[in-house]
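Coordinates from final00.cif are shown below (mmCIF, C-alpha atoms).
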```cif
data_data
loop_
_atom_site.label_atom_id
_atom_site.label_comp_id
_atom_site.auth_asym_id
_atom_site.auth_seq_id
_atom_site.Cartn_x
_atom_site.Cartn_y
_atom_site.Cartn_z
CA MET A 112 10.72 -29.24 12.45
CA ASN A 113 7.59 -31.32 12.97
CA LYS A 114 4.69 -29.68 11.12
CA ASP A 115 2.16 -31.65 13.18
CA MET A 116 3.31 -30.22 16.48
CA ARG A 117 0.55 -28.70 18.56
CA ILE A 118 0.85 -24.90 18.78
CA LEU A 119 -0.95 -22.74 21.36
CA VAL A 120 -1.83 -19.24 20.12
CA VAL A 121 -2.59 -16.79 22.96
CA ASP A 122 -4.08 -13.38 22.19
CA ASP A 123 -7.03 -11.49 23.67
CA PHE A 124 -8.24 -10.42 20.21
CA SER A 125 -9.90 -13.20 18.24
CA THR A 126 -8.94 -11.45 14.99
CA MET A 127 -5.26 -11.61 15.83
CA ARG A 128 -5.58 -15.29 16.82
CA ARG A 129 -7.21 -16.00 13.46
CA ILE A 130 -4.49 -14.12 11.58
CA VAL A 131 -1.72 -15.97 13.39
CA LYS A 132 -3.52 -19.30 12.88
CA ASN A 133 -4.01 -18.51 9.20
CA LEU A 134 -0.33 -17.68 8.75
CA LEU A 135 0.68 -20.81 10.64
CA ARG A 136 -1.61 -22.87 8.39
CA ASP A 137 0.07 -21.32 5.34
CA LEU A 138 3.40 -22.41 6.77
CA GLY A 139 2.04 -25.95 7.11
CA PHE A 140 1.21 -25.93 10.84
CA THR A 141 -2.42 -26.98 11.12
CA ASN A 142 -2.51 -28.30 14.67
CA THR A 143 -3.29 -25.12 16.58
CA VAL A 144 -5.15 -24.38 19.82
CA GLU A 145 -6.29 -20.96 21.07
CA ALA A 146 -6.46 -19.16 24.42
CA ASP A 147 -7.43 -15.55 25.13
CA ASP A 148 -5.00 -14.76 27.96
CA GLY A 149 -2.39 -16.25 30.27
CA LEU A 150 -4.97 -17.56 32.73
CA THR A 151 -6.80 -19.64 30.12
CA ALA A 152 -3.50 -20.62 28.45
CA LEU A 153 -1.91 -22.18 31.53
CA PRO A 154 -4.39 -25.08 31.99
CA ILE A 155 -4.04 -25.89 28.26
CA LEU A 156 -0.26 -25.88 28.59
CA LYS A 157 -0.47 -28.14 31.63
CA THR A 158 -2.21 -30.85 29.60
CA GLY A 159 1.32 -31.48 28.32
CA GLN A 160 0.37 -31.58 24.64
CA ILE A 161 1.62 -28.16 23.59
CA GLU A 162 4.97 -28.12 21.80
CA PHE A 163 5.17 -24.46 20.82
CA LEU A 164 3.69 -21.29 22.37
CA VAL A 165 2.91 -18.10 20.46
CA THR A 166 1.73 -15.34 22.79
CA ASP A 167 0.74 -11.68 22.81
CA TRP A 168 2.00 -9.50 25.68
CA ASN A 169 -0.74 -7.08 26.68
CA MET A 170 -3.77 -9.13 27.77
CA PRO A 171 -6.28 -8.90 30.62
CA GLY A 172 -6.02 -11.52 33.36
CA MET A 173 -2.46 -12.69 32.89
CA SER A 174 -0.05 -10.89 30.57
CA GLY A 175 2.15 -12.73 28.08
CA LEU A 176 5.26 -11.84 30.07
CA ASP A 177 3.79 -13.36 33.25
CA LEU A 178 2.74 -16.42 31.25
CA LEU A 179 6.30 -16.74 29.92
CA LYS A 180 7.68 -16.53 33.48
CA LYS A 181 5.19 -19.18 34.69
CA VAL A 182 6.17 -21.48 31.83
CA ARG A 183 9.89 -21.08 32.56
CA ALA A 184 9.29 -21.66 36.28
CA ASP A 185 7.36 -24.92 35.69
CA GLU A 186 9.55 -28.01 35.54
CA ASN A 187 7.17 -29.70 33.07
CA LEU A 188 6.76 -26.71 30.77
CA LYS A 189 10.06 -24.86 30.80
CA HIS A 190 11.37 -26.59 27.64
CA ILE A 191 8.51 -25.21 25.46
CA PRO A 192 9.77 -22.64 22.94
CA VAL A 193 7.95 -19.31 23.26
CA LEU A 194 7.50 -16.76 20.49
CA MET A 195 6.20 -13.35 21.54
CA VAL A 196 4.05 -11.65 18.90
CA THR A 197 3.16 -8.25 20.31
CA ALA A 198 2.67 -4.54 19.75
CA GLU A 199 4.86 -3.84 22.80
CA ALA A 200 7.89 -2.11 21.31
CA LYS A 201 9.81 -0.50 24.16
CA ARG A 202 13.48 -1.49 24.26
CA GLU A 203 13.16 -2.09 27.99
CA GLN A 204 10.30 -4.53 27.37
CA ILE A 205 12.21 -6.51 24.74
CA ILE A 206 15.07 -6.82 27.23
CA MET A 207 12.56 -7.92 29.94
CA ALA A 208 11.22 -10.62 27.61
CA ALA A 209 14.73 -11.77 26.72
CA GLN A 210 15.65 -11.99 30.40
CA ALA A 211 12.48 -13.97 31.11
CA GLY A 212 13.62 -16.50 28.52
CA VAL A 213 11.69 -15.74 25.35
CA ASN A 214 12.87 -17.61 22.21
CA GLY A 215 11.76 -15.04 19.65
CA TYR A 216 10.14 -11.61 19.49
CA VAL A 217 7.98 -10.32 16.63
CA VAL A 218 6.51 -6.79 16.74
CA LYS A 219 3.06 -6.16 15.31
CA PRO A 220 2.21 -5.40 12.59
CA PHE A 221 4.22 -8.23 11.05
CA THR A 222 4.37 -10.17 7.79
CA ALA A 223 4.03 -13.88 7.08
CA ALA A 224 7.71 -13.89 6.06
CA THR A 225 8.82 -12.50 9.46
CA LEU A 226 6.76 -15.05 11.37
CA LYS A 227 8.13 -17.89 9.23
CA GLU A 228 11.72 -16.69 9.65
CA LYS A 229 11.43 -16.41 13.45
CA ILE A 230 9.79 -19.82 13.83
CA GLU A 231 12.43 -21.47 11.64
CA LYS A 232 15.20 -19.72 13.58
CA ILE A 233 13.81 -20.93 16.90
CA PHE A 234 13.75 -24.55 15.76
CA GLU A 235 17.14 -24.32 14.08
CA ARG A 236 18.60 -23.23 17.40
CA ILE A 237 16.75 -25.90 19.37
CA ASN A 238 17.86 -28.67 17.02
CA ALA A 239 21.42 -27.34 16.77
CA MET B 206 0.42 43.19 59.41
CA LEU B 207 2.11 46.58 59.15
CA SER B 208 3.44 45.79 55.65
CA SER B 209 -0.12 45.42 54.35
CA LEU B 210 -1.02 48.98 55.40
CA THR B 211 -1.24 51.70 52.77
CA ASP B 212 1.07 54.72 53.14
CA GLU B 213 -1.93 56.76 54.20
CA GLN B 214 -2.94 54.26 56.91
CA TYR B 215 0.68 54.03 58.10
CA LEU B 216 0.83 57.81 58.45
CA THR B 217 -2.46 57.80 60.39
CA LEU B 218 -1.08 55.04 62.63
CA GLN B 219 2.07 57.06 63.36
CA GLN B 220 -0.04 60.09 64.23
CA LEU B 221 -2.32 58.00 66.52
CA ILE B 222 0.72 56.51 68.31
CA ALA B 223 2.32 59.91 68.67
CA ALA B 224 -0.93 61.15 70.22
CA ASP B 225 -1.04 57.96 72.39
CA ASP B 226 -4.63 57.36 71.11
CA ARG B 227 -4.92 53.60 71.89
CA ALA B 228 -8.65 53.42 71.06
CA GLY B 229 -7.86 55.03 67.70
CA VAL B 230 -5.10 52.44 66.95
CA ASP B 231 -7.50 49.63 67.85
CA ALA B 232 -10.21 51.04 65.58
CA LEU B 233 -7.68 51.37 62.73
CA PHE B 234 -6.58 47.71 63.03
CA VAL B 235 -10.16 46.40 63.27
CA ALA B 236 -11.15 48.31 60.12
CA HIS B 237 -8.03 47.03 58.31
CA GLN B 238 -8.67 43.39 59.29
CA LYS B 239 -12.29 43.58 58.15
CA LEU B 240 -11.12 44.86 54.76
CA GLN B 241 -8.65 41.95 54.42
CA HIS B 242 -11.31 39.39 55.34
CA ASP B 243 -13.69 40.84 52.76
CA GLU B 244 -11.02 40.47 50.07
CA LEU B 245 -10.37 36.83 51.04
CA PHE B 246 -14.10 36.03 50.94
CA GLN B 247 -14.37 37.64 47.53
CA GLU B 248 -11.43 35.58 46.27
CA VAL B 249 -12.90 32.34 47.62
CA GLY B 250 -16.25 33.23 46.03
CA ARG B 251 -14.56 33.87 42.67
CA LEU B 252 -12.66 30.56 42.84
CA THR B 253 -15.82 28.66 43.74
CA ARG B 254 -17.64 30.18 40.79
CA SER B 255 -14.92 29.33 38.25
CA LEU B 256 -14.52 25.82 39.71
CA TYR B 257 -18.26 25.32 39.29
CA ASP B 258 -18.07 26.57 35.68
CA ALA B 259 -15.16 24.26 34.88
CA ILE B 260 -16.95 21.22 36.34
CA ASN B 261 -20.10 22.15 34.44
CA SER B 262 -18.25 22.39 31.14
CA LEU B 263 -17.07 18.77 31.64
CA HIS B 264 -20.61 17.63 32.31
CA THR B 265 -22.21 19.21 29.28
CA GLU B 266 -24.84 16.80 28.11
CA VAL B 267 -25.27 15.82 24.49
CA LYS B 268 -28.58 14.10 23.74
CA GLY B 269 -29.04 13.11 27.38
CA GLN B 270 -25.54 11.60 27.63
CA SER B 271 -22.45 13.03 29.25
CA ARG B 272 -19.49 13.57 26.91
CA VAL B 273 -17.55 10.75 28.48
CA GLU B 274 -20.47 8.38 27.98
CA GLU B 275 -20.78 9.48 24.37
CA ALA B 276 -17.04 9.02 23.81
CA SER B 277 -17.17 5.51 25.34
CA ASP B 278 -20.08 4.59 23.09
CA SER B 279 -18.22 5.92 20.04
CA LEU B 280 -15.11 3.95 20.90
CA SER B 281 -17.15 0.79 21.50
CA PHE B 282 -18.64 1.31 18.06
CA VAL B 283 -15.10 1.49 16.61
CA ILE B 284 -14.15 -1.78 18.33
CA LYS B 285 -17.30 -3.47 16.99
CA ALA B 286 -16.87 -2.08 13.48
CA THR B 287 -13.21 -3.09 13.20
CA GLN B 288 -13.93 -6.51 14.72
CA SER B 289 -16.77 -7.11 12.27
CA ALA B 290 -14.63 -5.96 9.32
CA ALA B 291 -11.78 -8.23 10.37
CA ASP B 292 -14.21 -11.16 10.74
CA LYS B 293 -15.70 -10.51 7.29
CA VAL B 294 -12.24 -10.40 5.69
CA LEU B 295 -11.03 -13.53 7.48
CA ASP B 296 -14.27 -15.35 6.60
CA ALA B 297 -13.86 -14.35 2.94
CA VAL B 298 -10.26 -15.60 2.94
CA ASP B 299 -11.30 -18.86 4.63
CA ASP B 300 -14.01 -19.32 1.96
CA ALA B 301 -11.71 -18.44 -0.93
CA GLN B 302 -8.60 -20.40 0.02
CA PRO B 303 -9.96 -23.90 -0.79
CA PHE B 304 -10.97 -22.72 -4.28
CA ALA B 305 -7.54 -21.24 -4.94
CA THR B 306 -5.87 -24.42 -3.63
CA ARG B 307 -8.11 -26.59 -5.85
CA LEU B 308 -7.40 -24.46 -8.93
CA GLN B 309 -3.69 -24.75 -8.28
CA ALA B 310 -3.79 -28.52 -7.74
CA ARG B 311 -5.90 -29.25 -10.82
CA ALA B 312 -3.90 -26.92 -13.05
CA GLU B 313 -0.69 -28.60 -11.90
CA ALA B 314 -2.09 -32.08 -12.66
CA LEU B 315 -3.35 -31.03 -16.10
CA SER B 316 -0.11 -29.24 -16.85
CA ASN B 317 1.79 -32.55 -16.49
CA GLU B 318 -0.60 -34.30 -18.89
CA TRP B 319 -0.36 -31.31 -21.22
CA LYS B 320 3.41 -31.64 -21.39
CA LYS B 321 3.07 -35.32 -22.28
CA LEU B 322 0.65 -34.34 -25.03
CA GLY B 323 3.19 -31.85 -26.37
CA GLN B 324 5.82 -34.58 -26.38
CA ARG B 325 3.35 -36.95 -28.14
CA GLN B 326 3.53 -39.39 -25.24
CA LEU B 327 -0.26 -39.86 -24.87
CA SER B 328 -2.26 -42.79 -26.22
CA VAL B 329 -5.59 -42.11 -27.94
CA ASP B 330 -7.51 -43.15 -24.82
CA GLU B 331 -5.34 -40.96 -22.61
CA PHE B 332 -5.91 -38.09 -25.01
CA LYS B 333 -9.69 -38.56 -24.83
CA LEU B 334 -9.47 -38.57 -21.04
CA LEU B 335 -7.37 -35.41 -21.06
CA TYR B 336 -9.79 -33.73 -23.46
CA GLY B 337 -12.65 -34.40 -21.04
CA GLN B 338 -10.57 -33.27 -18.04
CA VAL B 339 -9.61 -29.98 -19.72
CA GLY B 340 -13.27 -29.36 -20.54
CA ASP B 341 -14.28 -29.98 -16.90
CA PHE B 342 -11.39 -27.87 -15.67
CA LEU B 343 -12.41 -24.93 -17.84
CA ASN B 344 -16.01 -25.12 -16.66
CA GLU B 345 -14.99 -25.40 -13.02
CA THR B 346 -12.49 -22.59 -13.41
CA VAL B 347 -15.25 -20.26 -14.53
CA ASP B 348 -17.26 -21.17 -11.42
CA ASP B 349 -14.26 -21.03 -9.07
CA ALA B 350 -13.06 -17.72 -10.46
CA THR B 351 -16.57 -16.32 -9.99
CA THR B 352 -16.52 -17.44 -6.35
CA LEU B 353 -13.02 -15.98 -5.85
CA ASN B 354 -14.12 -12.68 -7.37
CA ASP B 355 -17.16 -12.63 -5.14
CA ARG B 356 -15.01 -13.21 -2.04
CA LEU B 357 -12.51 -10.53 -3.12
CA GLN B 358 -15.44 -8.17 -3.53
CA ALA B 359 -16.53 -8.98 0.03
CA ILE B 360 -13.03 -8.05 1.25
CA VAL B 361 -13.23 -4.72 -0.56
CA LEU B 362 -16.69 -3.99 0.86
CA ALA B 363 -15.54 -4.84 4.38
CA GLN B 364 -13.19 -1.83 4.21
CA ASP B 365 -16.15 0.55 4.60
CA PHE B 366 -15.39 0.52 8.33
CA GLN B 367 -12.45 2.87 7.67
CA ASP B 368 -14.73 5.71 6.62
CA LEU B 369 -17.21 5.16 9.46
CA THR B 370 -14.69 4.68 12.25
CA GLY B 371 -12.62 7.60 10.92
CA GLN B 372 -15.55 9.95 11.33
CA VAL B 373 -16.41 8.65 14.78
CA LEU B 374 -12.79 8.86 15.95
CA GLN B 375 -12.54 12.41 14.63
CA ARG B 376 -15.50 13.35 16.82
CA VAL B 377 -13.95 11.66 19.85
CA ILE B 378 -10.68 13.54 19.26
CA THR B 379 -12.55 16.86 19.19
CA MET B 380 -14.42 15.89 22.33
CA ILE B 381 -11.21 14.90 24.14
CA ARG B 382 -9.65 18.25 23.26
CA GLU B 383 -12.67 20.09 24.70
CA VAL B 384 -12.68 17.98 27.86
CA GLU B 385 -8.93 18.54 28.21
CA GLN B 386 -9.41 22.29 28.08
CA GLY B 387 -12.05 21.99 30.82
CA LEU B 388 -9.75 19.80 32.90
CA VAL B 389 -6.80 22.15 32.48
CA ALA B 390 -8.98 25.00 33.73
CA LEU B 391 -10.13 22.83 36.62
CA VAL B 392 -6.57 21.88 37.55
CA ALA B 393 -5.53 25.52 37.39
CA HIS B 394 -8.35 26.50 39.77
CA ALA B 395 -7.60 23.61 42.08
CA ALA B 396 -3.95 24.75 42.19
CA ASN B 397 -5.16 28.25 43.13
CA VAL B 398 -7.29 26.80 45.93
CA ASP B 399 -4.38 24.63 47.08
CA SER B 400 -1.96 27.54 47.19
CA ALA B 401 -4.58 29.74 48.95
CA LEU B 402 -4.94 27.03 51.58
CA GLY B 403 -1.17 26.41 51.69
CA HIS B 404 -1.30 22.82 50.34
CA GLU B 405 1.56 21.23 48.42
CA ASN B 406 0.97 19.71 44.98
CA PRO B 407 0.17 16.00 45.18
CA GLU B 408 2.97 13.73 43.99
CA LYS B 409 3.06 12.79 40.34
CA ARG B 410 1.72 9.35 39.37
CA SER B 411 4.36 6.68 39.10
CA GLU B 412 5.31 5.42 35.66
CA LYS B 413 3.09 2.83 34.03
CA ASP B 414 4.08 -0.71 34.80
CA LEU B 415 5.80 -1.94 31.65
CA SER B 416 5.46 -5.59 32.63
CA GLN B 417 1.68 -5.41 32.21
CA GLY B 418 2.15 -4.04 28.69
CA VAL B 419 1.50 -0.52 27.44
CA GLY B 420 0.01 -1.34 24.04
CA PRO B 421 0.98 -0.23 20.55
CA GLN B 422 3.08 2.90 20.11
CA VAL B 423 0.78 5.42 18.49
CA THR B 424 3.41 8.11 18.04
CA ALA B 425 6.51 7.19 16.06
CA GLY B 426 10.11 8.14 16.72
CA SER B 427 10.45 7.77 20.48
CA SER B 428 14.03 6.87 21.47
CA ASP B 429 13.03 4.20 24.01
CA THR B 430 10.96 2.37 21.40
CA VAL B 431 12.00 0.14 18.52
CA ALA B 432 10.88 1.31 15.09
CA SER B 433 10.83 -2.00 13.24
CA GLN B 434 11.37 -5.75 13.41
CA ASP B 435 14.99 -5.10 12.33
CA ASP B 436 15.51 -3.02 15.49
CA VAL B 437 14.08 -5.85 17.59
CA ASP B 438 16.43 -8.32 15.90
CA ASP B 439 19.42 -6.01 16.42
CA LEU B 440 18.56 -5.52 20.07
CA LEU B 441 18.08 -9.26 20.66
CA SER B 442 21.28 -10.17 18.85
CA SER B 443 23.13 -7.60 20.99
CA LEU B 444 21.79 -9.59 23.96
CA GLY B 445 23.27 -12.77 22.52
CA PHE B 446 20.20 -14.13 20.70
#
```
For the file at hand, write its structure as structure tokens.
Amino acid sequence: MNKDMRILVVDDFSTMRRIVKNLLRDLGFTNTVEADDGLTALPILKTGQIEFLVTDWNMPGMSGLDLLKKVRADENLKHIPVLMVTAEAKREQIIMAAQAGVNGYVVKPFTAATLKEKIEKIFERINA
Amino acid sequence: MLSSLTDEQYLTLQQLIAADDRAGVDALFVAHQKLQHDELFQEVGRLTRSLYDAINSLHTEVKGQSRVEEASDSLSFVIKATQSAADKVLDAVDDAQPFATRLQARAEALSNEWKKLGQRQLSVDEFKLLYGQVGDFLNETVDDATTLNDRLQAIVLAQDFQDLTGQVLQRVITMIREVEQGLVALVAHAANVDSALGHENPEKRSEKDLSQGVGPQVTAGSSDTVASQDDVDDLLSSLGF
């Protein structure tokens, strides 16, 4: 797993973005970019420099699920691993995210250990 | 029509028919209809009055603001207070982390030299250098620890939002309960008006669109909701993840 990879953190609350960024920094990932919803995230993704996407679900503008669907539908972006970090906890929603092609799902509130474990698992699977 | 007559009126009607008194029958029906109309008007008047009261109770003004306005302001205050507390804490952590990292790095470096000293592997010059480094380290540690303490203190102080937002939220909860009571009364009156006018109940609102997100679960233990990260993992692994 390349610790220099550029990670896009999408959440409408700046506090949550900071927390996720802080945890990522602790895990050695310092190359992070932020967006506050799907609409602002898409242009950043389309620059082609993002290697990993961490997104919330419930956001104004474009939701995380819609963003995930857009990413999977875009020939240039569909390979990007997506980790959902969200307070959405309905079984039906987790199934929706899985069907849309999410790589990992973390429910808020979460710990640094959970985030680390899920990120490692995602890259283990990709490199396997 | 006949079923709404009292026994007394029915008896009078029979007598009038038996006597073939058509004008009398007419007069009886006219009087009866007028009575029924009066009752309907009274009922409509009563409903209008209670509807007016219910709407008024929702509009009660507190310090020149409606309750809904006051509740919105209170909730905005909670957002601001929690945001500011979170910023303060994250700022404090951002400030403190470099000091903790530096302490760790320097202590690790000195620890290696210290071991060599214990194993008598240091030359006199190296020992002099180490002596100076330990002195510097101790001085800097006092300063760094003071800064760390100061930042930890800032984190503690930032928690004052809990008390303030708790009080504000408590007031909003009370307000919502009162407004709900008013609304329930209003809905009950509206249902009375609807049934008096022969209207059906409007259809129930469709379920919230899950794909847009419904936010955190504020009540625990619902069967359609996962309770922990373990549940999420179990569910995903059952889907082949």
For Val294 (chain B), find every residue with an atom within 6 Å (counting only C-alpha atoms), except residues of its own chain fewer than 3 positions away, and show them as a PyMOL selection string.
chain B and resi 291+297+360
Name the residues that the PyMOL selection byres ((chain A) within 8 of (chain B)) pulls out of this structure, and write them as a list in words.
Thr126, Arg129, Ile130, Trp168, Asn169, Met170, Ser174, Leu176, Asp177, Ala198, Glu199, Ala200, Lys201, Arg202, Glu203, Gln204, Ile205, Ile206, Met207, Ala209, Tyr216, Val217, Val218 and Phe221 of chain A
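Of the listed residues B:Leu322, B:Leu218, B:Ala305, B:Val235, the one whose atoms come nearest to Thr352 (chain B) is B:Ala305, with distances taken using all atoms listed in the file.
One distance worth recording is that between CA of Ser281 (chain B) and CA of Glu385 (chain B), which is 20.7 Å.
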Using all atoms listed in the file, determine which residues lie at most 9 Å from region 181-189 of chain A, disregarding the query and same-chain residues fewer than 5 positions distant; provide the list as an NGL selection string.
:A and (153 or 156-157 or 159 or 161 or 176 or 211-212)
Give me a file of those residues, with C-alpha atoms, as a PDB file, in the frame of the given file.
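Output saved as again.pdb:
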```pdb
ATOM      1  CA  LEU A 153      -1.910 -22.180  31.530  1.00  0.00           C
ATOM      2  CA  LEU A 156      -0.260 -25.880  28.590  1.00  0.00           C
ATOM      3  CA  LYS A 157      -0.470 -28.140  31.630  1.00  0.00           C
ATOM      4  CA  GLY A 159       1.320 -31.480  28.320  1.00  0.00           C
ATOM      5  CA  ILE A 161       1.620 -28.160  23.590  1.00  0.00           C
ATOM      6  CA  LEU A 176       5.260 -11.840  30.070  1.00  0.00           C
ATOM      7  CA  ALA A 211      12.480 -13.970  31.110  1.00  0.00           C
ATOM      8  CA  GLY A 212      13.620 -16.500  28.520  1.00  0.00           C
TER       9      GLY A 212
END
```
List the residues selected by the PyMOL selection byres ((chain A and resi 148) around 12) in the file shown, writing them as a count of residues only.
33
May I ask for the distance between CA of Phe163 (chain A) and CA of Gln302 (chain B), given in Å to one decimal place?
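Straight-line distance from CA of Phe163 (chain A) to CA of Gln302 (chain B) works out to 25.3 Å.
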Please indicate the distance in Å from CA of Leu216 (chain B) to CA of His237 (chain B), rounded to one decimal place.
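We find that CA of Leu216 (chain B) and CA of His237 (chain B) lie 14.0 Å from each other.
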Give me the residues near Ile233 (chain A) as a list in words, where near means some atom within 8 Å (using only C-alpha atoms) and where sequence neighbours in that chain fewer than 6 positions away do not count.
Pro192, Asn214 and Gly215 of chain A
Give the padded box for region 364-375 of chain B as JSON: axis-aligned, covering all atoms listed in the file, 4 Å on each side, centre and edge lengths in Å to one decimal.
```
{"center_x": -14.8, "center_y": 5.3, "center_z": 10.1, "size_x": 12.8, "size_y": 22.2, "size_z": 19.7}
```
12 Å contact set for Met112 (chain A), all atoms listed in the file, chain neighbours under 2 positions out, as a PyMOL selection string:
chain A and resi 114-117+138-140+162-163+230-239
Given the file shown, determine the residues that the PyMOL selection byres ((chain B and resi 375-383) around 10) selects; report them as a PDB file with C-alpha atoms, keeping the file's coordinate frame.
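File result.pdb, as written:
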```
ATOM      1  CA  SER B 262     -18.250  22.390  31.140  1.00  0.00           C
ATOM      2  CA  LEU B 263     -17.070  18.770  31.640  1.00  0.00           C
ATOM      3  CA  ARG B 272     -19.490  13.570  26.910  1.00  0.00           C
ATOM      4  CA  VAL B 273     -17.550  10.750  28.480  1.00  0.00           C
ATOM      5  CA  GLU B 275     -20.780   9.480  24.370  1.00  0.00           C
ATOM      6  CA  ALA B 276     -17.040   9.020  23.810  1.00  0.00           C
ATOM      7  CA  SER B 277     -17.170   5.510  25.340  1.00  0.00           C
ATOM      8  CA  ASP B 278     -20.080   4.590  23.090  1.00  0.00           C
ATOM      9  CA  SER B 279     -18.220   5.920  20.040  1.00  0.00           C
ATOM     10  CA  LEU B 280     -15.110   3.950  20.900  1.00  0.00           C
ATOM     11  CA  THR B 370     -14.690   4.680  12.250  1.00  0.00           C
ATOM     12  CA  GLY B 371     -12.620   7.600  10.920  1.00  0.00           C
ATOM     13  CA  GLN B 372     -15.550   9.950  11.330  1.00  0.00           C
ATOM     14  CA  VAL B 373     -16.410   8.650  14.780  1.00  0.00           C
ATOM     15  CA  LEU B 374     -12.790   8.860  15.950  1.00  0.00           C
ATOM     16  CA  VAL B 384     -12.680  17.980  27.860  1.00  0.00           C
ATOM     17  CA  GLU B 385      -8.930  18.540  28.210  1.00  0.00           C
ATOM     18  CA  GLN B 386      -9.410  22.290  28.080  1.00  0.00           C
ATOM     19  CA  GLY B 387     -12.050  21.990  30.820  1.00  0.00           C
ATOM     20  CA  LEU B 388      -9.750  19.800  32.900  1.00  0.00           C
ATOM     21  CA  VAL B 389      -6.800  22.150  32.480  1.00  0.00           C
TER      22      VAL B 389
END
```
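Using all atoms listed in the file, the shortest contact distance between Ala363 (chain B) and any of B:Phe342, B:Ala286, B:Lys321, B:His242 is found at B:Ala286.
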Pick from B:Ala350, B:Ser209, B:Asp341, B:Ala224: nearest to Leu240 (chain B), with all atoms listed in the file counted?
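Distance minimum relative to Leu240 (chain B) lands on B:Ser209.
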